[in-house]
Amino acid sequence: MNNLAAVSKETERGPDQRRQLIMARKRSYQKGYVQEHNGVWTLRYRWWNYDTRRWEQRREIIEGNFKNKKAAQRASEPRMAEVNQHNNRGRGPKKTDTRITFRQFFDARWKAYTVKAGHEPSTADTYRGFLDNHILPWFGEKLMVEITPGHVTDFFQQLPELSVATRQTFYNILHVIFDLAVEYDVIEQSPVRAKLHRPSIAKVEKPVLTPQEIRNILAMLEGQERLLTLLVAVTGKRIGEILALRWQDFSAGDMQIHIRHTLYRGKLKSPKTESSKGAVQLAPAIVELLLAHKQRSSFQALDDFIFYRADGSPFDQNAVRYHLQKAMDAAGIERIKGKH
């Protein structure tokens, strides 16, 4: 049996094994959270569902009249004793498999998780680059049960100078992988700790070009790139969403374009967010420019791209960004890398 099959077998428990591991989870003790709303005191707590193997958030009313929160908390103690007794039924030291390395667990379980999570191709490719170049070389041969919060701290400290957003991506990937390992009963708890490892993110406003700066950029462009850039500027849509437009997405009578896709590596896929989808109203002047562009186009079928290369395939997004950057430089507009 190869390593991948072995890990899959070790992490795929049968009903009896799973029931034993459920009962072996570490003990939990809660006081419950008491809150008053409109004169009614409620108690909130976590309840372990032995059928689904999941924690459930529950809230119930504390019967009686209480002058303050302390009195309501005291009244809730008998109920919380019952909750803790239920949650801790038959628990003891957790059984783990000490032979599985980080790489073995990753190879056996990560791909299935990405499919279930519905990762977009762009997200999957980004994650794969982080994993192959940094995470797997660092953690790959370590045994899962031996990885500590200190190892995770050391990983972040050895990284080169990176943006906060990039470090957040590293944190998210590690957080998910170790949480999966907990779910598969490979480790008892995740070594990733929010207080120790999650980077602090300060919201930074991206630079906004003035109308005159946009006009100066347009003056440096011509043909399709000029119209494309104008459409991005007046609609506020992402470049990938504009590049994905086909003539079936343009309604001259309604003076609208319909955002249904975005372009990633030359292929159509769903927009980044659901809010991106929908119709965008256009000014009459933009509609006239699009109609004139269509008349000149060699590709006018409904499923043809509005902005196209010589063979009818869509513009390359990186090439468009490069030409826009060159136009900004020619217009004397200072660019901040990674922000404009």
# chains A, B, ... in the order shown; residues from 1 in each chain; ligands from 1
>>> residues_around(residues="Leu282 in chain A", least_positions_apart="3", cutoff="9 Å", atoms="only C-alpha atoms", output="list in words")
Val234, Thr235, Asp254, Met255, Gln256, Ile257, Ala285, Ile286 and Val287 of chain A
>>> residues_around(residues="Arg79 in chain A", least_positions_apart="2", cutoff="12 Å", atoms="only C-alpha atoms", output="list in words")
Gln30, Lys31, Gly32, Thr42, Leu43, Arg44, Tyr45, Arg59, Glu60, Ile61, Ile62, Glu63, Ala72, Gln73, Arg74, Ala75, Ser76, Glu77, Ala81, Glu82, Val83, Asn84, Gln85 and His86 of chain A
>>> write_last_selection(atoms="N, CA and C atoms", output="JSON list (two decimals), in the first residue's frame")
[["chain", "number", "residue", "atom", "x", "y", "z"],
["A", 30, "GLN", "N", -17.96, 24.72, 30.45],
["A", 30, "GLN", "CA", -18.47, 26.04, 30.11],
["A", 30, "GLN", "C", -19.28, 26.61, 31.26],
["A", 31, "LYS", "N", -19.25, 27.92, 31.39],
["A", 31, "LYS", "CA", -20.12, 28.61, 32.34],
["A", 31, "LYS", "C", -21.38, 29.13, 31.65],
["A", 32, "GLY", "N", -21.30, 29.20, 30.29],
["A", 32, "GLY", "CA", -22.43, 29.75, 29.55],
["A", 32, "GLY", "C", -22.38, 31.27, 29.51],
["A", 42, "THR", "N", -31.42, 35.30, 28.88],
["A", 42, "THR", "CA", -31.18, 34.09, 28.10],
["A", 42, "THR", "C", -29.79, 33.53, 28.41],
["A", 43, "LEU", "N", -29.65, 32.24, 28.14],
["A", 43, "LEU", "CA", -28.39, 31.53, 28.36],
["A", 43, "LEU", "C", -27.93, 30.94, 27.02],
["A", 44, "ARG", "N", -26.70, 31.25, 26.63],
["A", 44, "ARG", "CA", -26.14, 30.72, 25.40],
["A", 44, "ARG", "C", -24.97, 29.80, 25.73],
["A", 45, "TYR", "N", -24.87, 28.66, 25.01],
["A", 45, "TYR", "CA", -23.82, 27.70, 25.30],
["A", 45, "TYR", "C", -23.58, 26.82, 24.06],
["A", 59, "ARG", "N", -29.33, 28.59, 22.53],
["A", 59, "ARG", "CA", -29.75, 29.67, 23.42],
["A", 59, "ARG", "C", -31.12, 29.31, 23.98],
["A", 60, "GLU", "N", -31.30, 29.52, 25.28],
["A", 60, "GLU", "CA", -32.60, 29.26, 25.90],
["A", 60, "GLU", "C", -32.89, 30.30, 26.97],
["A", 61, "ILE", "N", -34.15, 30.44, 27.31],
["A", 61, "ILE", "CA", -34.58, 31.44, 28.30],
["A", 61, "ILE", "C", -34.35, 30.89, 29.71],
["A", 62, "ILE", "N", -33.85, 31.75, 30.59],
["A", 62, "ILE", "CA", -33.70, 31.41, 32.01],
["A", 62, "ILE", "C", -34.97, 31.84, 32.72],
["A", 63, "GLU", "N", -35.73, 30.88, 33.18],
["A", 63, "GLU", "CA", -37.01, 31.20, 33.82],
["A", 63, "GLU", "C", -36.79, 31.90, 35.16],
["A", 72, "ALA", "N", -28.82, 36.05, 37.48],
["A", 72, "ALA", "CA", -29.23, 35.19, 36.37],
["A", 72, "ALA", "C", -28.18, 34.12, 36.10],
["A", 73, "GLN", "N", -26.90, 34.49, 36.25],
["A", 73, "GLN", "CA", -25.83, 33.52, 36.05],
["A", 73, "GLN", "C", -25.92, 32.41, 37.09],
["A", 74, "ARG", "N", -26.20, 32.78, 38.34],
["A", 74, "ARG", "CA", -26.31, 31.76, 39.39],
["A", 74, "ARG", "C", -27.48, 30.81, 39.09],
["A", 75, "ALA", "N", -28.56, 31.37, 38.59],
["A", 75, "ALA", "CA", -29.73, 30.55, 38.28],
["A", 75, "ALA", "C", -29.47, 29.59, 37.12],
["A", 76, "SER", "N", -28.52, 29.94, 36.28],
["A", 76, "SER", "CA", -28.22, 29.09, 35.12],
["A", 76, "SER", "C", -27.28, 27.94, 35.45],
["A", 77, "GLU", "N", -26.67, 27.94, 36.62],
["A", 77, "GLU", "CA", -25.64, 26.96, 36.95],
["A", 77, "GLU", "C", -26.14, 25.51, 36.88],
["A", 81, "ALA", "N", -24.56, 22.67, 34.41],
["A", 81, "ALA", "CA", -24.01, 21.41, 34.90],
["A", 81, "ALA", "C", -24.50, 20.25, 34.03],
["A", 82, "GLU", "N", -25.80, 20.31, 33.63],
["A", 82, "GLU", "CA", -26.34, 19.29, 32.75],
["A", 82, "GLU", "C", -25.67, 19.34, 31.38],
["A", 83, "VAL", "N", -25.45, 20.55, 30.87],
["A", 83, "VAL", "CA", -24.81, 20.71, 29.56],
["A", 83, "VAL", "C", -23.40, 20.14, 29.59],
["A", 84, "ASN", "N", -22.63, 20.48, 30.61],
["A", 84, "ASN", "CA", -21.25, 19.99, 30.70],
["A", 84, "ASN", "C", -21.21, 18.47, 30.87],
["A", 85, "GLN", "N", -22.18, 17.94, 31.62],
["A", 85, "GLN", "CA", -22.22, 16.49, 31.78],
["A", 85, "GLN", "C", -22.49, 15.81, 30.44],
["A", 86, "HIS", "N", -23.39, 16.39, 29.66],
["A", 86, "HIS", "CA", -23.68, 15.83, 28.32],
["A", 86, "HIS", "C", -22.44, 15.93, 27.42]]
>>> select_by_dssp(residues="range 102-325 of chain A", states="strand (DSSP E or B)", output="PyMOL selection string")
chain A and resi 143+246+250-251+256-259+262-264+267-269+278-281+305+308+314
>>> write_last_selection(atoms="N, CA and C atoms", output="mmCIF file, in the first residue's frame")
data_model
loop_
_atom_site.group_PDB
_atom_site.id
_atom_site.type_symbol
_atom_site.label_atom_id
_atom_site.label_comp_id
_atom_site.auth_asym_id
_atom_site.auth_seq_id
_atom_site.Cartn_x
_atom_site.Cartn_y
_atom_site.Cartn_z
ATOM 1 N N LEU A 143 6.184 15.216 11.479
ATOM 2 C CA LEU A 143 5.010 14.463 11.887
ATOM 3 C C LEU A 143 3.934 15.431 12.372
ATOM 4 N N ARG A 246 -18.884 39.331 -24.080
ATOM 5 C CA ARG A 246 -19.135 38.931 -25.470
ATOM 6 C C ARG A 246 -20.320 39.749 -25.985
ATOM 7 N N PHE A 250 -24.003 42.498 -24.488
ATOM 8 C CA PHE A 250 -24.210 43.921 -24.785
ATOM 9 C C PHE A 250 -25.603 44.109 -25.365
ATOM 10 N N SER A 251 -26.396 44.963 -24.722
ATOM 11 C CA SER A 251 -27.747 45.264 -25.180
ATOM 12 C C SER A 251 -27.815 46.743 -25.550
ATOM 13 N N GLN A 256 -27.112 48.712 -21.998
ATOM 14 C CA GLN A 256 -26.562 47.980 -20.857
ATOM 15 C C GLN A 256 -25.531 46.949 -21.313
ATOM 16 N N ILE A 257 -24.620 46.652 -20.396
ATOM 17 C CA ILE A 257 -23.819 45.444 -20.507
ATOM 18 C C ILE A 257 -24.185 44.555 -19.320
ATOM 19 N N HIS A 258 -24.074 43.250 -19.527
ATOM 20 C CA HIS A 258 -24.440 42.290 -18.481
ATOM 21 C C HIS A 258 -23.184 41.524 -18.057
ATOM 22 N N ILE A 259 -22.839 41.655 -16.793
ATOM 23 C CA ILE A 259 -21.668 40.952 -16.260
ATOM 24 C C ILE A 259 -22.100 39.559 -15.835
ATOM 25 N N THR A 262 -16.070 36.316 -15.633
ATOM 26 C CA THR A 262 -14.788 36.987 -15.614
ATOM 27 C C THR A 262 -13.816 36.093 -16.366
ATOM 28 N N LEU A 263 -12.672 36.643 -16.740
ATOM 29 C CA LEU A 263 -11.708 35.889 -17.534
ATOM 30 C C LEU A 263 -10.510 35.529 -16.666
ATOM 31 N N TYR A 264 -10.152 34.244 -16.661
ATOM 32 C CA TYR A 264 -8.967 33.801 -15.936
ATOM 33 C C TYR A 264 -8.193 32.849 -16.831
ATOM 34 N N LYS A 267 -9.920 31.691 -19.944
ATOM 35 C CA LYS A 267 -11.154 30.923 -19.822
ATOM 36 C C LYS A 267 -12.191 31.689 -19.016
ATOM 37 N N LEU A 268 -13.468 31.489 -19.376
ATOM 38 C CA LEU A 268 -14.560 32.129 -18.664
ATOM 39 C C LEU A 268 -14.854 31.376 -17.375
ATOM 40 N N LYS A 269 -15.079 32.138 -16.312
ATOM 41 C CA LYS A 269 -15.510 31.540 -15.054
ATOM 42 C C LYS A 269 -16.410 32.540 -14.352
ATOM 43 N N GLY A 278 -24.717 41.048 -12.949
ATOM 44 C CA GLY A 278 -25.856 41.923 -13.173
ATOM 45 C C GLY A 278 -25.625 42.902 -14.307
ATOM 46 N N ALA A 279 -26.647 43.707 -14.562
ATOM 47 C CA ALA A 279 -26.615 44.677 -15.652
ATOM 48 C C ALA A 279 -25.979 45.981 -15.196
ATOM 49 N N VAL A 280 -25.248 46.608 -16.098
ATOM 50 C CA VAL A 280 -24.619 47.908 -15.838
ATOM 51 C C VAL A 280 -25.122 48.889 -16.895
ATOM 52 N N GLN A 281 -25.700 49.987 -16.437
ATOM 53 C CA GLN A 281 -26.232 50.982 -17.365
ATOM 54 C C GLN A 281 -25.099 51.807 -17.970
ATOM 55 N N PHE A 305 -15.942 37.502 -28.484
ATOM 56 C CA PHE A 305 -15.517 38.468 -27.475
ATOM 57 C C PHE A 305 -15.539 39.878 -28.050
ATOM 58 N N TYR A 308 -10.773 41.551 -28.498
ATOM 59 C CA TYR A 308 -10.215 40.315 -29.028
ATOM 60 C C TYR A 308 -8.838 40.521 -29.643
ATOM 61 N N PRO A 314 -9.756 36.160 -26.494
ATOM 62 C CA PRO A 314 -9.806 37.384 -25.682
ATOM 63 C C PRO A 314 -8.424 37.947 -25.389
#
>>> residues_around(residues="range 117-132 of chain A", least_positions_apart="2", cutoff="9 Å", atoms="only C-alpha atoms", output="JSON, numbers by chain")
{"A": [112, 113, 114, 115, 134, 135, 136, 137, 169, 170, 173, 264, 265, 269, 270, 272]}
>>> residues_around(residues="Ile333 in chain A", least_positions_apart="2", cutoff="12 Å", atoms="only C-alpha atoms", output="ChimeraX atom specification")
/A:207-210,212-217,220,324-331,335-336,340
>>> select_by_dssp(residues="range 143-320 of chain A", states="alpha helix (DSSP H)", output="PDB file with C-alpha atoms, in the first residue's frame")
ATOM      1  CA  PRO A 149       2.742  26.589  17.839  1.00  0.00           C
ATOM      2  CA  GLY A 150       6.478  27.305  18.054  1.00  0.00           C
ATOM      3  CA  HIS A 151       7.064  25.584  14.702  1.00  0.00           C
ATOM      4  CA  VAL A 152       4.362  27.755  13.142  1.00  0.00           C
ATOM      5  CA  THR A 153       5.917  30.884  14.667  1.00  0.00           C
ATOM      6  CA  ASP A 154       9.327  29.870  13.272  1.00  0.00           C
ATOM      7  CA  PHE A 155       7.761  29.419   9.837  1.00  0.00           C
ATOM      8  CA  PHE A 156       6.410  32.966   9.793  1.00  0.00           C
ATOM      9  CA  GLN A 157       9.659  34.407  11.115  1.00  0.00           C
ATOM     10  CA  GLN A 158      11.761  32.829   8.344  1.00  0.00           C
ATOM     11  CA  VAL A 164       0.237  41.714   5.303  1.00  0.00           C
ATOM     12  CA  ALA A 165      -2.216  40.320   2.748  1.00  0.00           C
ATOM     13  CA  THR A 166       0.280  37.649   1.678  1.00  0.00           C
ATOM     14  CA  ARG A 167       0.972  36.652   5.277  1.00  0.00           C
ATOM     15  CA  GLN A 168      -2.779  36.452   5.828  1.00  0.00           C
ATOM     16  CA  THR A 169      -2.998  33.966   2.956  1.00  0.00           C
ATOM     17  CA  PHE A 170      -0.292  31.814   4.569  1.00  0.00           C
ATOM     18  CA  TYR A 171      -2.208  31.955   7.843  1.00  0.00           C
ATOM     19  CA  ASN A 172      -5.501  30.981   6.179  1.00  0.00           C
ATOM     20  CA  ILE A 173      -3.971  27.962   4.428  1.00  0.00           C
ATOM     21  CA  LEU A 174      -2.275  26.637   7.574  1.00  0.00           C
ATOM     22  CA  HIS A 175      -5.387  27.276   9.648  1.00  0.00           C
ATOM     23  CA  VAL A 176      -7.515  25.191   7.273  1.00  0.00           C
ATOM     24  CA  ILE A 177      -5.031  22.318   6.912  1.00  0.00           C
ATOM     25  CA  PHE A 178      -4.578  21.834  10.651  1.00  0.00           C
ATOM     26  CA  ASP A 179      -8.323  22.193  11.272  1.00  0.00           C
ATOM     27  CA  LEU A 180      -8.864  19.418   8.715  1.00  0.00           C
ATOM     28  CA  ALA A 181      -6.345  17.294  10.604  1.00  0.00           C
ATOM     29  CA  VAL A 182      -8.369  17.804  13.777  1.00  0.00           C
ATOM     30  CA  GLU A 183     -11.570  16.829  11.953  1.00  0.00           C
ATOM     31  CA  ALA A 194      -4.864  33.477  16.167  1.00  0.00           C
ATOM     32  CA  LYS A 195      -3.143  35.618  18.822  1.00  0.00           C
ATOM     33  CA  LEU A 196       0.304  34.329  17.865  1.00  0.00           C
ATOM     34  CA  HIS A 197       0.130  33.937  14.113  1.00  0.00           C
ATOM     35  CA  PRO A 211     -10.940  62.350 -14.127  1.00  0.00           C
ATOM     36  CA  GLN A 212      -8.093  64.344 -15.679  1.00  0.00           C
ATOM     37  CA  GLU A 213      -5.606  61.543 -15.003  1.00  0.00           C
ATOM     38  CA  ILE A 214      -7.971  59.077 -16.686  1.00  0.00           C
ATOM     39  CA  ARG A 215      -8.243  61.379 -19.705  1.00  0.00           C
ATOM     40  CA  ASN A 216      -4.445  61.611 -19.836  1.00  0.00           C
ATOM     41  CA  ILE A 217      -4.169  57.801 -19.811  1.00  0.00           C
ATOM     42  CA  LEU A 218      -6.787  57.446 -22.563  1.00  0.00           C
ATOM     43  CA  ALA A 219      -4.821  59.899 -24.688  1.00  0.00           C
ATOM     44  CA  GLY A 223      -8.077  51.263 -30.688  1.00  0.00           C
ATOM     45  CA  GLN A 224      -9.557  48.523 -28.573  1.00  0.00           C
ATOM     46  CA  GLU A 225      -7.364  49.248 -25.559  1.00  0.00           C
ATOM     47  CA  ARG A 226      -8.650  52.808 -25.396  1.00  0.00           C
ATOM     48  CA  LEU A 227     -12.300  51.687 -25.456  1.00  0.00           C
ATOM     49  CA  LEU A 228     -11.598  48.878 -22.985  1.00  0.00           C
ATOM     50  CA  THR A 229      -9.933  51.271 -20.537  1.00  0.00           C
ATOM     51  CA  LEU A 230     -12.792  53.767 -20.912  1.00  0.00           C
ATOM     52  CA  LEU A 231     -15.310  51.017 -20.151  1.00  0.00           C
ATOM     53  CA  VAL A 232     -13.384  49.969 -17.032  1.00  0.00           C
ATOM     54  CA  ALA A 233     -13.236  53.594 -15.886  1.00  0.00           C
ATOM     55  CA  VAL A 234     -16.943  54.402 -16.331  1.00  0.00           C
ATOM     56  CA  THR A 235     -18.314  51.103 -14.990  1.00  0.00           C
ATOM     57  CA  ILE A 239     -10.554  44.170 -15.936  1.00  0.00           C
ATOM     58  CA  GLY A 240     -11.263  40.426 -16.039  1.00  0.00           C
ATOM     59  CA  GLU A 241     -15.016  41.092 -16.101  1.00  0.00           C
ATOM     60  CA  ILE A 242     -14.696  43.545 -19.016  1.00  0.00           C
ATOM     61  CA  LEU A 243     -12.394  41.200 -20.939  1.00  0.00           C
ATOM     62  CA  PRO A 284     -25.387  56.934 -24.787  1.00  0.00           C
ATOM     63  CA  ALA A 285     -21.877  57.987 -25.874  1.00  0.00           C
ATOM     64  CA  ILE A 286     -20.405  54.671 -24.650  1.00  0.00           C
ATOM     65  CA  VAL A 287     -23.129  52.723 -26.463  1.00  0.00           C
ATOM     66  CA  GLU A 288     -22.271  54.547 -29.705  1.00  0.00           C
ATOM     67  CA  LEU A 289     -18.579  53.734 -29.273  1.00  0.00           C
ATOM     68  CA  LEU A 290     -19.359  50.047 -28.727  1.00  0.00           C
ATOM     69  CA  LEU A 291     -21.619  49.937 -31.807  1.00  0.00           C
ATOM     70  CA  ALA A 292     -18.920  51.579 -33.922  1.00  0.00           C
ATOM     71  CA  HIS A 293     -16.375  49.096 -32.558  1.00  0.00           C
ATOM     72  CA  LYS A 294     -18.682  46.198 -33.485  1.00  0.00           C
ATOM     73  CA  GLN A 295     -19.018  47.474 -37.070  1.00  0.00           C
ATOM     74  CA  ARG A 296     -15.228  47.456 -37.432  1.00  0.00           C
ATOM     75  CA  GLN A 317      -5.151  40.301 -18.829  1.00  0.00           C
ATOM     76  CA  ASN A 318      -1.465  40.660 -17.983  1.00  0.00           C
ATOM     77  CA  ALA A 319      -0.757  42.274 -21.347  1.00  0.00           C
ATOM     78  CA  VAL A 320      -3.582  44.764 -20.804  1.00  0.00           C
TER      79      VAL A 320
END
>>> atom_distance(atom1="CA of Ala244 in chain A", atom2="CA of Phe307 in chain A")
8.3 Å
>>> closest_residue(among="A:Ile201, A:Leu162, A:Ile147, A:Leu221", to="Gln189 in chain A", atoms="only C-alpha atoms")
A:Ile147
>>> closest_residue(among="A:Trp110, A:Phe102, A:Tyr33, A:Tyr184", to="Met144 in chain A", atoms="only C-alpha atoms")
A:Phe102
>>> atom_distance(atom1="CA of Asn88 in chain A", atom2="CA of Arg58 in chain A")
16.6 Å
>>> atom_distance(atom1="CA of Ser275 in chain A", atom2="CA of Gln248 in chain A")
20.2 Å
